[in-house]
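Student: Just so it is clear, I am handing over query_20.tsv, which has TSV, C-alpha atoms.
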```
chain	number	residue	atom	x	y	z
A	93	MET	CA	10.79	-22.89	-6.02
A	94	ARG	CA	14.25	-21.31	-5.74
A	95	GLN	CA	12.78	-17.90	-4.94
A	96	GLN	CA	10.55	-19.34	-2.19
A	97	HIS	CA	13.55	-21.21	-0.75
A	98	ASP	CA	15.53	-17.97	-0.67
A	99	LEU	CA	12.67	-16.18	1.06
A	100	VAL	CA	12.47	-18.82	3.78
A	101	ALA	CA	16.24	-18.84	4.24
A	102	GLU	CA	16.28	-15.05	4.52
A	103	ALA	CA	13.40	-15.14	7.02
A	104	VAL	CA	15.24	-17.71	9.13
A	105	ARG	CA	18.33	-15.47	9.13
A	106	ARG	CA	16.10	-12.66	10.41
A	107	GLY	CA	14.95	-14.91	13.25
A	108	ALA	CA	11.65	-16.24	11.87
A	109	ALA	CA	10.75	-19.81	12.75
A	110	PRO	CA	9.74	-21.90	9.70
A	111	GLY	CA	6.57	-23.95	9.78
A	112	ARG	CA	2.83	-23.60	9.28
A	113	GLY	CA	2.71	-20.26	11.04
A	114	TYR	CA	5.32	-18.85	8.70
A	115	ALA	CA	3.55	-20.27	5.65
A	116	LEU	CA	0.24	-18.74	6.76
A	117	ALA	CA	1.92	-15.40	7.37
A	118	ARG	CA	3.47	-15.45	3.91
A	119	THR	CA	0.07	-16.24	2.37
A	120	ILE	CA	-1.57	-13.36	4.23
A	121	SER	CA	1.21	-11.03	3.08
A	122	GLN	CA	0.69	-12.08	-0.53
A	123	VAL	CA	-3.11	-11.82	-0.43
A	124	LEU	CA	-2.97	-8.42	1.29
A	125	HIS	CA	-0.16	-7.17	-0.91
A	126	PRO	CA	0.26	-3.39	-1.44
A	127	VAL	CA	-0.73	-3.77	-5.10
A	128	VAL	CA	-3.93	-5.57	-4.17
A	129	LEU	CA	-4.68	-3.07	-1.42
A	130	GLY	CA	-4.07	-0.17	-3.78
A	131	ILE	CA	-6.70	-1.56	-6.12
A	132	VAL	CA	-9.05	-2.12	-3.17
A	133	SER	CA	-8.68	1.54	-2.15
A	134	ILE	CA	-9.45	2.76	-5.65
A	135	VAL	CA	-12.45	0.44	-5.98
A	136	ILE	CA	-13.84	1.61	-2.63
A	137	VAL	CA	-13.78	5.22	-3.79
A	138	GLY	CA	-15.15	4.33	-7.22
A	139	LEU	CA	-18.08	2.26	-5.98
A	140	LEU	CA	-18.94	4.07	-2.75
A	141	GLY	CA	-17.64	7.61	-3.16
A	142	VAL	CA	-18.72	8.68	-6.64
A	143	GLU	CA	-22.16	8.79	-8.27
A	144	PRO	CA	-23.48	7.52	-10.56
A	145	LEU	CA	-21.95	4.09	-10.13
A	146	ARG	CA	-20.87	3.73	-13.76
A	147	VAL	CA	-18.93	7.00	-13.56
A	148	GLY	CA	-17.19	5.89	-10.38
A	149	ALA	CA	-16.34	2.52	-11.91
A	150	LEU	CA	-14.92	4.16	-15.05
A	151	TRP	CA	-12.71	6.52	-13.06
A	152	ALA	CA	-11.62	3.64	-10.86
A	153	LEU	CA	-10.42	1.84	-13.98
A	154	VAL	CA	-8.57	4.96	-15.16
A	155	CYS	CA	-7.00	5.51	-11.74
A	156	THR	CA	-5.88	1.88	-11.55
A	157	GLY	CA	-4.17	2.23	-14.90
A	158	LEU	CA	-2.42	5.41	-13.79
A	159	GLN	CA	-1.41	4.48	-10.26
A	160	ILE	CA	-1.12	0.70	-10.03
A	161	VAL	CA	0.25	-0.47	-13.38
A	162	PRO	CA	3.37	1.75	-13.74
A	163	PRO	CA	4.83	1.03	-10.25
A	164	MET	CA	4.06	-2.67	-10.65
A	165	LEU	CA	5.91	-2.79	-13.98
A	166	PHE	CA	8.82	-0.79	-12.58
A	167	PHE	CA	9.12	-3.13	-9.60
A	168	THR	CA	8.90	-6.25	-11.77
A	169	VAL	CA	11.63	-5.06	-14.13
A	170	ARG	CA	13.96	-3.98	-11.34
A	171	LEU	CA	13.39	-7.23	-9.45
A	172	ARG	CA	14.33	-9.24	-12.54
A	173	GLN	CA	17.40	-7.06	-12.96
A	174	GLY	CA	18.52	-8.10	-9.48
A	175	ALA	CA	18.10	-4.67	-7.89
A	176	TYR	CA	16.36	-6.11	-4.82
A	177	SER	CA	17.38	-8.82	-2.40
A	178	ASP	CA	13.91	-10.42	-2.55
A	179	ASP	CA	10.34	-9.59	-3.56
A	180	ASP	CA	9.73	-8.01	-0.14
A	181	VAL	CA	12.67	-5.63	-0.73
A	182	SER	CA	13.87	-6.48	2.76
A	183	VAL	CA	16.97	-4.26	2.50
A	184	ARG	CA	15.86	-0.78	3.55
A	185	SER	CA	18.22	1.15	1.27
A	186	GLN	CA	16.88	-0.68	-1.78
A	187	ARG	CA	13.42	0.81	-1.16
A	188	ASN	CA	14.44	4.41	-1.88
A	189	GLU	CA	14.06	4.20	-5.65
A	190	LEU	CA	10.61	2.65	-5.24
A	191	TYR	CA	9.49	5.55	-3.06
A	192	LEU	CA	10.88	8.09	-5.53
A	193	PHE	CA	9.25	6.39	-8.51
A	194	GLY	CA	6.00	6.21	-6.56
A	195	LEU	CA	6.13	9.93	-5.81
A	196	ALA	CA	6.78	10.84	-9.44
A	197	ASN	CA	3.95	8.56	-10.53
A	198	VAL	CA	1.52	10.13	-8.03
A	199	PHE	CA	2.36	13.65	-9.18
A	200	ALA	CA	1.93	12.70	-12.84
A	201	GLY	CA	-1.33	10.90	-12.11
A	202	LEU	CA	-2.70	13.80	-10.07
A	203	LEU	CA	-1.89	16.24	-12.86
A	204	ILE	CA	-3.75	14.05	-15.35
A	205	LEU	CA	-6.75	13.70	-13.06
A	206	ARG	CA	-6.95	17.45	-12.48
A	207	LEU	CA	-6.66	18.25	-16.18
A	208	THR	CA	-9.36	15.72	-17.06
A	209	GLY	CA	-11.75	16.84	-14.32
A	210	ALA	CA	-11.71	13.64	-12.29
A	211	PRO	CA	-14.08	13.45	-9.31
A	212	LEU	CA	-12.60	15.03	-6.18
A	213	PRO	CA	-12.44	11.77	-4.16
A	214	PHE	CA	-10.07	10.28	-6.73
A	215	GLN	CA	-7.87	13.34	-6.59
A	216	ALA	CA	-7.95	13.07	-2.80
A	217	ILE	CA	-6.69	9.49	-2.69
A	218	LEU	CA	-3.76	10.48	-4.90
A	219	VAL	CA	-2.92	13.43	-2.66
A	220	ALA	CA	-3.13	11.15	0.38
A	221	GLY	CA	-1.00	8.57	-1.42
A	222	GLY	CA	1.60	11.21	-2.18
A	223	LEU	CA	1.73	12.30	1.46
A	224	ILE	CA	2.08	8.70	2.62
A	225	ASN	CA	4.79	8.03	0.04
A	226	LEU	CA	6.77	11.16	0.85
A	227	THR	CA	6.60	10.71	4.61
A	228	ALA	CA	7.41	7.00	4.42
A	229	TRP	CA	10.40	7.72	2.18
A	230	LEU	CA	11.78	10.31	4.62
A	231	ILE	CA	11.33	7.81	7.46
A	232	ASN	CA	12.94	5.10	5.35
A	233	LEU	CA	16.16	7.09	5.16
A	234	SER	CA	16.87	6.11	8.75
A	235	TRP	CA	14.22	3.57	9.80
A	236	LYS	CA	12.22	0.87	8.05
A	237	ILE	CA	8.45	1.37	7.96
A	238	SER	CA	5.97	-1.24	6.75
A	239	VAL	CA	4.61	-0.54	3.27
A	240	HIS	CA	2.19	-3.44	3.64
A	241	ALA	CA	0.80	-1.84	6.80
A	242	ALA	CA	0.59	1.61	5.21
A	243	SER	CA	-1.34	0.20	2.24
A	244	MET	CA	-3.63	-1.69	4.61
A	245	GLY	CA	-4.15	1.39	6.79
A	246	SER	CA	-5.12	3.46	3.77
A	247	ALA	CA	-7.63	0.90	2.49
A	248	ALA	CA	-9.12	0.33	5.95
A	249	THR	CA	-9.50	4.05	6.63
A	250	LEU	CA	-11.18	4.63	3.27
A	251	GLY	CA	-13.45	1.68	3.93
A	252	ALA	CA	-14.46	3.11	7.30
A	253	LEU	CA	-15.17	6.53	5.78
A	254	TYR	CA	-17.63	5.11	3.28
A	255	SER	CA	-19.01	2.06	5.10
A	256	GLU	CA	-18.63	1.22	8.78
A	257	PRO	CA	-19.08	-2.56	8.28
A	258	LEU	CA	-16.50	-2.56	5.48
A	259	GLY	CA	-14.16	-0.50	7.60
A	260	LEU	CA	-14.51	-2.97	10.48
A	261	VAL	CA	-13.70	-5.92	8.20
A	262	LEU	CA	-10.66	-4.17	6.75
A	263	TRP	CA	-9.31	-3.14	10.15
A	264	LEU	CA	-9.67	-6.74	11.30
A	265	CYS	CA	-7.67	-7.68	8.21
A	266	ALA	CA	-5.11	-5.08	9.31
A	267	LEU	CA	-4.64	-6.96	12.57
A	268	GLY	CA	-4.03	-10.17	10.65
A	269	LEU	CA	-1.60	-8.50	8.29
A	270	GLY	CA	0.24	-6.90	11.17
A	271	TRP	CA	0.70	-10.29	12.78
A	272	ALA	CA	1.90	-11.72	9.47
A	273	ARG	CA	4.57	-9.06	8.89
A	274	VAL	CA	5.91	-9.56	12.40
A	275	ARG	CA	5.69	-13.37	12.16
A	276	THR	CA	7.88	-13.39	9.04
A	277	ARG	CA	10.25	-10.94	10.75
A	278	ASN	CA	9.90	-8.50	7.87
A	279	HIS	CA	8.99	-5.85	10.42
A	280	THR	CA	8.79	-5.12	14.11
A	281	PRO	CA	5.46	-4.32	15.79
A	282	ALA	CA	6.48	-0.65	15.92
A	283	GLN	CA	7.12	-0.56	12.17
A	284	VAL	CA	3.71	-2.09	11.48
A	285	ILE	CA	1.89	0.28	13.83
A	286	ALA	CA	3.74	3.23	12.32
A	287	GLY	CA	2.64	2.23	8.81
A	288	LEU	CA	-0.99	1.88	9.84
A	289	ALA	CA	-1.02	5.16	11.78
A	290	LEU	CA	0.76	7.13	9.06
A	291	ALA	CA	-1.68	6.02	6.37
A	292	ALA	CA	-4.77	6.64	8.48
A	293	ALA	CA	-3.56	10.12	9.46
A	294	CYS	CA	-2.72	11.09	5.87
A	295	VAL	CA	-6.06	9.89	4.49
A	296	LEU	CA	-8.08	11.64	7.21
A	297	ALA	CA	-6.06	14.86	6.92
A	298	THR	CA	-6.35	14.94	3.13
A	299	PHE	CA	-10.07	14.22	2.98
A	300	THR	CA	-10.70	16.82	5.68
A	301	ALA	CA	-8.60	19.48	3.96
A	302	MET	CA	-10.32	18.84	0.63
A	303	GLY	CA	-13.78	19.13	2.17
A	304	LEU	CA	-14.75	15.49	1.78
A	305	LEU	CA	-15.40	14.90	5.51
```
Starting from the file, lay out its structure as structure tokens.

Tutor:
Amino acid sequence: MRQQHDLVAEAVRRGAAPGRGYALARTISQVLHPVVLGIVSIVIVGLLGVEPLRVGALWALVCTGLQIVPPMLFFTVRLRQGAYSDDDVSVRSQRNELYLFGLANVFAGLLILRLTGAPLPFQAILVAGGLINLTAWLINLSWKISVHAASMGSAATLGALYSEPLGLVLWLCALGLGWARVRTRNHTPAQVIAGLALAAACVLATFTAMGLL
């Protein structure tokens, strides 16, 4: 309860109006969290981008273990150590170590996937993730970009590449998430749009360069 109180107080200081709209926006942000969206992206590739299905599902499990679990554990430990102002890491400068850890984790994961002969689509999502992470970190040095939006943009773009109906649903979710991040005053509309555009561009560029489009 204390953490939620602090989040609301911080949002009010940023100019957010408390109430049902804020509560809904917080719920959307939690449901469409970067960790959840990272898993969604991996599952999309595993189930729709690799055959046979059991092989795709197995590599999706491996990729989740490599790319989702370590950053989540790192974030949880650092949050408990008091390294971040809140679980949204609202202070821009506090995000740098997360970007750097994410980059190191992507490089390590990509090396493992290449050495073990992982299907090319899984290697591609790690390369795209590395590009997103690197570019977002460089932007973060002087301007705050939405990680939620970048994660959503990546998942929605992947969904559209493999299934137009799924892509449509995920891009509609992106609109809802964008509203939520602005409603809670975590980001401006420009920061949300930048996150979505950056992720979409990196995914499309990577999949094109690797011959998957």

Student: CA of Met244 in chain A and CA of Leu262 in chain A are how many Å apart?

Tutor: 7.8 Å

Student: Counting all atoms listed in the file, which residue out of A:Thr119, A:Asn188, A:Thr300, A:Ser246 sits closest to Ala175 in chain A?

Tutor: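 Between A:Thr119, A:Asn188, A:Thr300, A:Ser246, the residue approaching Ala175 in chain A most closely is A:Asn188.
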
Student: Quick one: everything within 7 Å of Leu202 in chain A, counting all atoms listed in the file, minus sequence neighbours fewer than 4 positions away in the same chain. Send it as a count of residues only.

Tutor: 4

Student: Measuring between all atoms listed in the file, which one of A:Val147, A:Cys294, A:Leu192, A:Ala115 shows the shortest distance to Phe166 in chain A?

Tutor: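 Of A:Val147, A:Cys294, A:Leu192, A:Ala115, the one nearest Phe166 in chain A is A:Leu192, counting all atoms listed in the file.
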
Student: Would you compute the distance between CA of Leu124 in chain A and CA of Leu260 in chain A? Give it in Å to one decimal.

Tutor: 15.7 Å

Student: Which residues are close to Ala266 in chain A, i.e. within 10 Å by only C-alpha atoms, leaving aside same-chain residues fewer than 4 positions away? Reply as a count of residues only.

Tutor: 18

Student: Return the single residue from A:Val274, A:Ala252, A:Val128, A:Ala200 that is closest to Met164 in chain A, with distances computed using only C-alpha atoms.

Tutor: A:Val128

Student: Skipping near chain neighbours, those fewer than 2 positions away, what residues fall within 12 Å of Leu203 in chain A using all atoms listed in the file, listed as a ChimeraX atom specification?

Tutor: /A:155,158,196-201,205-210,214-215,218-219

Student: Counting only C-alpha atoms, which of A:Gly222, A:Pro162, A:Pro281, A:Gly268 gets nearest to Ser121 in chain A?

Tutor: A:Gly268

Student: Tell me, as a count of residues only, which residues lie within 10 Å of Gly259 in chain A, counting only C-alpha atoms; anything in the same chain fewer than 5 positions away does not count.

Tutor: 10

Student: CA of Ser234 in chain A to CA of Val123 in chain A: how many Å, to one decimal?

Tutor: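 So the two atoms, CA of Ser234 in chain A and CA of Val123 in chain A, lie 28.4 Å apart.
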
Student: Within 10 Å of Tyr176 in chain A, counting all atoms listed in the file, which residues qualify if same-chain residues fewer than 5 places away don't, as an mmCIF file with C-alpha atoms, in the frame of the given file?

Tutor:
```cif
data_model
loop_
_atom_site.group_PDB
_atom_site.id
_atom_site.type_symbol
_atom_site.label_atom_id
_atom_site.label_comp_id
_atom_site.auth_asym_id
_atom_site.auth_seq_id
_atom_site.Cartn_x
_atom_site.Cartn_y
_atom_site.Cartn_z
ATOM 1 C CA PHE A 167 9.120 -3.130 -9.600
ATOM 2 C CA ARG A 170 13.960 -3.980 -11.340
ATOM 3 C CA LEU A 171 13.390 -7.230 -9.450
ATOM 4 C CA VAL A 181 12.670 -5.630 -0.730
ATOM 5 C CA SER A 182 13.870 -6.480 2.760
ATOM 6 C CA VAL A 183 16.970 -4.260 2.500
ATOM 7 C CA ARG A 184 15.860 -0.780 3.550
ATOM 8 C CA SER A 185 18.220 1.150 1.270
ATOM 9 C CA GLN A 186 16.880 -0.680 -1.780
ATOM 10 C CA ARG A 187 13.420 0.810 -1.160
#
```
